[in-house]
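**Q** The structure's right below; bear with me while I get my questions together.
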Number of protein chains: 4
Amino acid sequence: MPSRPNIKEPVITLSAGPVAAYPRILQALSRPIQYDYDLYFQQFYEDVARKCAKALRVSQPALILHCEPAPGIEATAASLIGPNDVVLNLASGVYGKGFGYWSARYHKEMVEIEVPFNESIPPEAVAEAFKKRPDIKVVSLVHHDTPSGTINPAREIGKIVRDNDALLIVDAVSSFGGMDIHPEDCFADVFITGPGKCLGGAPGLTVMAVSERAWKHIEANPKAPFASALSLKDWKDAWSKDKPFPFTPSVAEVNGLDAALDQYLDEGPEKVWHRHALTAAATRAGLKAMGLPLWAKSEAIASPTCTAVRVPEGIKDSDIISAARSEYGVVFSTGRNDTKGKLIRIGHMGPVAEPIYAVVALTAFGGALRKLGRKVDIGAGIEAATAVIAAGRA
Amino acid sequence: MPSRPNIKEPVITLSAGPVAAYPRILQALSRPIQYDYDLYFQQFYEDVARKCAKALRVSQPALILHCEPAPGIEATAASLIGPNDVVLNLASGVYGKGFGYWSARYHKEMVEIEVPFNESIPPEAVAEAFKKRPDIKVVSLVHHDTPSGTINPAREIGKIVRDNDALLIVDAVSSFGGMDIHPEDCFADVFITGPGKCLGGAPGLTVMAVSERAWKHIEANPKAPFASALSLKDWKDAWSKDKPFPFTPSVAEVNGLDAALDQYLDEGPEKVWHRHALTAAATRAGLKAMGLPLWAKSEAIASPTCTAVRVPEGIKDSDIISAARSEYGVVFSTGRNDTKGKLIRIGHMGPVAEPIYAVVALTAFGGALRKLGRKVDIGAGIEAATAVIAAGRA
Amino acid sequence: MPSRPNIKEPVITLSAGPVAAYPRILQALSRPIQYDYDLYFQQFYEDVARKCAKALRVSQPALILHCEPAPGIEATAASLIGPNDVVLNLASGVYGKGFGYWSARYHKEMVEIEVPFNESIPPEAVAEAFKKRPDIKVVSLVHHDTPSGTINPAREIGKIVRDNDALLIVDAVSSFGGMDIHPEDCFADVFITGPGKCLGGAPGLTVMAVSERAWKHIEANPKAPFASALSLKDWKDAWSKDKPFPFTPSVAEVNGLDAALDQYLDEGPEKVWHRHALTAAATRAGLKAMGLPLWAKSEAIASPTCTAVRVPEGIKDSDIISAARSEYGVVFSTGRNDTKGKLIRIGHMGPVAEPIYAVVALTAFGGALRKLGRKVDIGAGIEAATAVIAAGRA
Amino acid sequence: MPSRPNIKEPVITLSAGPVAAYPRILQALSRPIQYDYDLYFQQFYEDVARKCAKALRVSQPALILHCEPAPGIEATAASLIGPNDVVLNLASGVYGKGFGYWSARYHKEMVEIEVPFNESIPPEAVAEAFKKRPDIKVVSLVHHDTPSGTINPAREIGKIVRDNDALLIVDAVSSFGGMDIHPEDCFADVFITGPGKCLGGAPGLTVMAVSERAWKHIEANPKAPFASALSLKDWKDAWSKDKPFPFTPSVAEVNGLDAALDQYLDEGPEKVWHRHALTAAATRAGLKAMGLPLWAKSEAIASPTCTAVRVPEGIKDSDIISAARSEYGVVFSTGRNDTKGKLIRIGHMGPVAEPIYAVVALTAFGGALRKLGRKVDIGAGIEAATAVIAAGRA
């Protein structure tokens, strides 16, 4: 008998990911499981790797790792960062800070720029760091630090890194597919994303664009893992229908990825970004009208794919989550680690990146606060949100 | 547009895995993607971990790693084998031999028993090894070395290991679910399997039973990875609905695993093993009647889940694969590494572990040989196979 | 290539049916197609017919017709109403009125009680009709006349019909599964529903409970169709695993029905009805606060499964539909025939019978009116709706 | 809990339909249920009706009825045959004979040509009939009379009918999609098929091509049903995105039909027909080698989509069915009505129209006879079948 917890399933999930998947991705996940060494699957895999490249706007087939992006990023650190490398770690949130711990296992030395977790990295600081330490070889940036819902200026930072001849890692896991961010635009040498966030697919794969410069650095790294879950090298040529897989790819996930890319490319990236942005803008307008402050220091750095709201004084984040779920069946995310307890995250990713879900979010968030005894003018929030939506469509 | 290579899809896949999935697993893969921090999914995950335990016949919820078993085994080596450990590696095939290379990254020293890759490990040799090296702390055994299609005597070996107070790793990836092999029966301390072989599910997860003794050893291992794709510790308590996940679980794969376990438990393990065994026996009888020798030195060690046939002199394995596919749409597996070119593998795993597929296999294999110019009495093969089937059902 | 119109798919469908299906029903629709004469399917079909009976709270396996309910109701008229039958047709809406036209093909004579299409049938009028015409043999009632969104007092009317020894047809297509209505409670002799409305399944089947009295009447009807799409008799015993099907059943639809019944029975009928009622109540409260009048003459007869709102003066119904769709991706239904142009219907059926969708509906409806130049206080509507929801959960 | 009979599911279904569906059709069946009045679905429906036309090789969008073809054929009789029409019924099998009973409800008079149910209709007899009765207005022909597994010469007969200015109904339900038969080629005025046979889809729809001549005749028929399950007229223009549906279409079935057509058109009709024909030829060669006579009087009229074998003397058809199922999990069909007990049907339709399934069929059929005590040389059958297959691929 299928496992069905005696708990009501959420009605609407507005999480920071995993997110509800588009219907056609769910259908694709149920495609037959093909044998990975059969030529049908080998050609299919190559086609999907090329379709990734199309979405990423790069020319080489993407690198696909058969794990979700967190271990994919760990593998990047293990593969790219060698024992002679000075790393510049840019920490504007929990994930940015976290990368430093992985880096520490491999680097020679780390320079870190850390800003409060509701701010973004100033490009000038990066330029400054290079002035002080021209030996910086690898820079790591989280484009959208999900636990903060904030965006870093990847393009500006990337330009500086490239001008200084260093290698840039960009974690765009929860921004790619929901806004205009692509490897070459931001000078990324390793650009990391996955299907489980703004592409509205299942989590379980890492999709990467790795530059020729990065591959050379990896090949020159004497400690770069091989025959390992932490290896990028193992999978470098696996996209080619003529090359073997180092281990069994996650066939069902690749099926899902194929459909996730179709969903994105068929609708049109610009249209997809627009509805992410509009949903976020409507949500923020509504929150403001309800007197609920954003976590982000300025709205300019608030992510179009996830809105972080401060938890009002005297309320526990988990109580808001529970109240929104029991009253409306709506699920939000809390913060993580350092941001845990301080904020609630409303995801606008994939199929729920639609303006009507701003209204859903505001009602459920406001309703939860009311249930916890606060006065909130939900009506005012909805009015503000609908005004943004009406204008955005115009 | 969905990627559909301009290559005909296989009609019937009789591979050594990934295998065709049962329909209800494909349906389960298309369940909605739930948010991993929502209490519905957390309870669901615990339920599935407990259902794994039921199938494995152990009491503690299973350890699920979110990668296919190859990296899962690497993670086992990384986590269990410490810098003071003497390892006994048992190599009767490519996978057994391969474990030694992973072990070498972590162990103090390795003792190895290697037999020709068409034979199995004699338990006496293990007993002998312990006599010579009572300091052996970890033993690694591949129960079914898939690239050879041969079975090792896990229970007998396990008893010796336990009596010598060492820890036993059993790779039962391609045998569990297709024959009677369970962690406690074979004294395994780390027992490794996955849904993508005899359970007839999708590849993409590792399912493990880890003994208390093994957990203690891991906890005492100063080099055991944490916050890593190679960590077992990270996921130790993740089954509990009250504990966080170290990184995002592969939600769709867990949905599929749930159904794979249902399929297995609902049909009844003994019935499932019987049809695997009968299919293999019919296949072997047919091959014998067709004058085609098994790879396994004796039929007694031939796996009930995969039959390895020697490639006839003067023929290329890849030509057989191509001919069977073009003539009948039937897909087989070649060997791997040392067995590549020497044998063809006919999988009997999951939904194709049904006697009629012995007939399919014999026809396609024989037909391929004919297409390549050999004389083969397919009719005699079918007669022999059907006789076994008729008796087996009686 | 799958047909995907170059039109954006709706974001949220709040129609009067077909409705969005529950995920597990979509999964069930993708079960393998079984051969109808195979014993597996025959047993399955019987199981589903019995599960229908459980949901309908009757003892005999349900009658399943392999067409959606409109032709199913036509078949009822053709099978039950004989050339000597006087029919009392109860018309409080388009569907009730429509039944009279089908009846006219078969009956001897028809008595009709018609009320304005925003009112319900007074039981007293039925009692009165029987006094005048004690020869009435068949009475037809639409429980929920969907094009009006109004409910008739089935139980009270049914009691009168039974006391007068006539046969009662109850069309509960769009009410069963969303509120407390069952064949025996309302003395129905032919009770008609289907999976595509409140059960949140696919349209394509008719599910009926037919009393022994009705079967006798059908068997005595010399004109009752057989070997026909209009025959009830053909399918009378088809539920039995030992009986043949008169023609091929719609296998996929039966698979979906099985899951639709599970969804309903597993959640618990009372819980399902409650969320339908609460969603409707919140929607109505919101509409009232926005100054938008219901179609129903009194709120007491407004359906808990579908809210009909009057189209404001000077606005075309189709413009509202278009505006709600373009601005919010939300789809509503218009009226039908006599109610077309006069009202908009907001469905609360199946998976969207959840209070948060009251908020969605009010926003999209209000937003559409605004886009068409009207002033609407959406905020006030949301406030009223959330107050009902907060109270309803208390 | 999903209904799962305590009966093992078939391993391989080789029925005369419903047949196992192609995987992509099962996926399509799980697409979201769209609201039929929403413009997305309306455009989709038109697209599918046009795609049907492409497959049928006609210019007008197809007529889709929302029932399986048996009631669809009944509706054709009811709609096309008026009270002044003389009908020529061509009966070479159970379905052909059966049409006469439907016709009898509507026609003025019927002329019938009946041949033994293992023969086909001689075109000369049709020419002769017209000579005797130039007033014949409607001719009905079953192209593939499934309960006999025999094919009628539709093109030759059609030419004669057209030359005599009569209207031709062609039931191509179980031949279209598996062989070269199209409405215009055979001069059909009403050509009837469905997705549940050779297209390898779900049963539940009727797909028709209706000529302008036929529509005129229907419109002139004073008794042609309307507002009815038996009406063709109701659905005449329903394909147009601008026209309403007379009742709710079976949304899920239309989703499945879309994919069934893609499967057929993407693979290429000629290739699809070839594998149907080759599978049938191999099966027949094998049966012959096993000494098992075909039902068809000559192999020339044996269907490429279904092979009917005579039940050997002294054996019950149901015992063969049971034995093949219990021994091999393979499901066949029996005869129907007049052919019941006399033959067993081996379907070659859709995904099982692949040569390897000839081997499956012969083994299961031979194995069943053996289980019932007969001597059968299965090996000889397989040898004969594989020889045909090897030649067919050359």
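How things are named: the first chain in the structure tokens is A, the next is B, and so on; residues count from 1 in each chain; ligands count from 1 in the order shown.
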Give me the residues within 6 Å of Leu88 (chain A) as a list in words, counting only C-alpha atoms and dropping any in the same chain fewer than 5 places off.
**A**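 Listing them by chain and then by number gives Met110, Val111, Glu112 and Val139 of chain A.
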**Q** Taking N, CA, C and O atoms for each residue, export the selection above as a PDB file, in the first residue's frame.
**A**
```
ATOM      1  N   MET A 110      42.386  31.072   2.309  1.00  0.00           N
ATOM      2  CA  MET A 110      41.132  31.690   1.904  1.00  0.00           C
ATOM      3  C   MET A 110      41.049  33.130   2.372  1.00  0.00           C
ATOM      4  O   MET A 110      41.375  33.446   3.511  1.00  0.00           O
ATOM      5  N   VAL A 111      40.631  33.971   1.476  1.00  0.00           N
ATOM      6  CA  VAL A 111      40.283  35.348   1.812  1.00  0.00           C
ATOM      7  C   VAL A 111      38.759  35.367   1.798  1.00  0.00           C
ATOM      8  O   VAL A 111      38.150  34.729   0.939  1.00  0.00           O
ATOM      9  N   GLU A 112      38.156  36.065   2.715  1.00  0.00           N
ATOM     10  CA  GLU A 112      36.688  36.071   2.739  1.00  0.00           C
ATOM     11  C   GLU A 112      36.151  37.487   2.865  1.00  0.00           C
ATOM     12  O   GLU A 112      36.673  38.286   3.636  1.00  0.00           O
ATOM     13  N   VAL A 139      37.335  32.333  -7.097  1.00  0.00           N
ATOM     14  CA  VAL A 139      36.368  33.139  -6.353  1.00  0.00           C
ATOM     15  C   VAL A 139      35.047  32.388  -6.337  1.00  0.00           C
ATOM     16  O   VAL A 139      34.640  31.826  -7.353  1.00  0.00           O
TER      17      VAL A 139
END
```
**Q** What are the residues of chain B that have an atom within 8 Å of an atom of chain D, counting only C-alpha atoms, as a list in words?
**A**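 On the chain B side, the interface is Val11, Glu327, Tyr328, Gly329, Glu354, Pro355, Ile356, Val359, Val360, Thr363, Ala364, Gly367, Lys371, Ile378, Gly379, Ala380, Gly381, Ile382, Glu383, Thr386, Ile389, Ala390 and Arg393 of chain B.
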**Q** Near Asp338 (chain A), counting only C-alpha atoms, which residues have an atom at most 10 Å away, once you skip same-chain residues fewer than 3 positions from it, shown as number ranges by chain?
**A** A: 93-94, 117, 147-148, 335, 341-342
**Q** Selected residues, N, CA, C and O atoms, written as a compact mmCIF listing (two decimals), in the first residue's frame, please.
**A**
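Contents of out.txt, freshly written:
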```txt
# COMPACT_ATOMS: atom_id res chain seq x y z
N GLY A 93 25.46 35.24 2.89
CA GLY A 93 24.38 34.43 3.44
C GLY A 93 24.91 33.08 3.87
O GLY A 93 26.12 32.81 3.79
N VAL A 94 24.00 32.26 4.30
CA VAL A 94 24.35 30.96 4.86
C VAL A 94 25.07 30.09 3.83
O VAL A 94 26.04 29.39 4.16
N PHE A 117 23.92 39.20 6.59
CA PHE A 117 23.19 38.26 5.73
C PHE A 117 21.90 38.83 5.13
O PHE A 117 21.13 38.09 4.52
N PRO A 147 18.73 31.16 1.70
CA PRO A 147 18.28 31.37 3.08
C PRO A 147 18.11 32.85 3.47
O PRO A 147 17.58 33.14 4.52
N SER A 148 18.54 33.74 2.60
CA SER A 148 18.33 35.17 2.82
C SER A 148 17.39 35.78 1.79
O SER A 148 16.93 36.91 1.96
N GLY A 335 13.89 30.12 7.63
CA GLY A 335 15.29 30.38 7.30
C GLY A 335 16.12 29.12 7.55
O GLY A 335 15.57 28.06 7.86
N GLY A 341 14.65 31.24 12.25
CA GLY A 341 13.99 31.95 13.34
C GLY A 341 13.78 33.42 13.06
O GLY A 341 12.95 34.07 13.67
N LYS A 342 14.56 33.91 12.09
CA LYS A 342 14.51 35.36 11.84
C LYS A 342 13.61 35.73 10.67
O LYS A 342 13.17 36.86 10.56
```
**Q** Just checking: using only C-alpha atoms, which residue out of C:Leu369, C:Ile151, C:Val254, C:Ile81 ends up closest to Phe41 (chain C)?
**A** C:Val254
**Q** Take CA of Lys159 (chain D) and CA of Ala77 (chain D) and report the distance between them in Å, one decimal.
**A**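 Computing the Euclidean distance for CA of Lys159 (chain D) and CA of Ala77 (chain D) yields 21.1 Å.
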**Q** Among region 227-358 of chain D, which residues carry a DSSP assignment of strand (DSSP E or B), reported as an MDAnalysis selection string?
**A** chainID D and resid 294 302 306:310 330:331 333:334 343:347
**Q** So which residues touch Phe99 (chain B) within 9 Å, counting only C-alpha atoms, skipping near sequence neighbours fewer than 4 positions away, as a list in words?
**A**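 Listing them by chain and then by number gives Ile73, Glu74, Ala77, Asn89, Leu90, Ala91, Val94, Tyr95, Ser103, Ala104, Ser140, Leu141 and Val142 of chain B.
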**Q** Using only C-alpha atoms, which of the listed residues (B:Ala21, B:Ala220, B:Ser15, B:Gly149) sits closest to Asp38 (chain A)?
**A** B:Ser15
**Q** Determine, counting only C-alpha atoms, which protein, DNA and RNA residues have an atom within 9 Å of an atom of Ser250 (chain B); residues of the same chain fewer than 5 positions away are not included. Present the result as a list in words.
**A**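 So the residues in contact are Cys67, Glu68, Ala202, Pro203, Gly204, Leu205 and Glu253 of chain A; His66, Cys67, Gly204, Leu205 and Asn255 of chain B.
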**Q** Using DSSP on the backbone coordinates, identify the residues of region 151-257 of chain C assigned to alpha helix (DSSP H); present them as a list in words.
**A**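 Answer for region 151-257 of chain C restricted to alpha helix (DSSP H) is Ala154, Arg155, Glu156, Ile157, Gly158, Lys159, Ile160, Val161, Arg162, Asp163, Glu212, Arg213, Ala214, Trp215, Lys216, His217, Ile218, Glu219, Ala220, Val251, Ala252, Glu253, Val254, Asn255, Gly256 and Leu257 of chain C.
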**Q** Find the spatial neighbours of Gln43 (chain D), counting only C-alpha atoms, within a cut-off of 8 Å - ignore same-chain residues fewer than 2 positions away - and output them as an mmCIF file with C-alpha atoms, in the first residue's frame.
**A**
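Saved result, selection_19.cif, follows:
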```cif
data_model
loop_
_atom_site.group_PDB
_atom_site.id
_atom_site.type_symbol
_atom_site.label_atom_id
_atom_site.label_comp_id
_atom_site.auth_asym_id
_atom_site.auth_seq_id
_atom_site.Cartn_x
_atom_site.Cartn_y
_atom_site.Cartn_z
ATOM 1 C CA PRO C 5 -1.838 25.145 -28.139
ATOM 2 C CA LEU D 39 -9.808 28.186 -24.823
ATOM 3 C CA TYR D 40 -6.718 26.114 -24.181
ATOM 4 C CA PHE D 41 -8.693 22.896 -24.337
ATOM 5 C CA TYR D 45 -9.294 19.575 -29.185
ATOM 6 C CA GLU D 46 -9.246 21.135 -32.623
ATOM 7 C CA ASP D 47 -5.565 20.268 -32.949
ATOM 8 C CA SER D 240 -13.929 23.750 -34.029
ATOM 9 C CA LYS D 241 -12.430 25.778 -31.207
#
```
**Q** Mind checking which residues fall within 12 Å of Glu299 (chain A), counting only C-alpha atoms, ignoring those fewer than 4 positions away in the same chain, and posting them as an NGL selection string?
**A** :A and (118-120 or 149-151 or 280-281 or 283-285 or 287-288 or 293-295 or 303-304 or 307-309)
**Q** Please report the interatomic distance between CA of Ala289 (chain B) and CA of Arg310 (chain B) in Å with one decimal.
**A**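 Those two atoms sit 14.4 Å apart.
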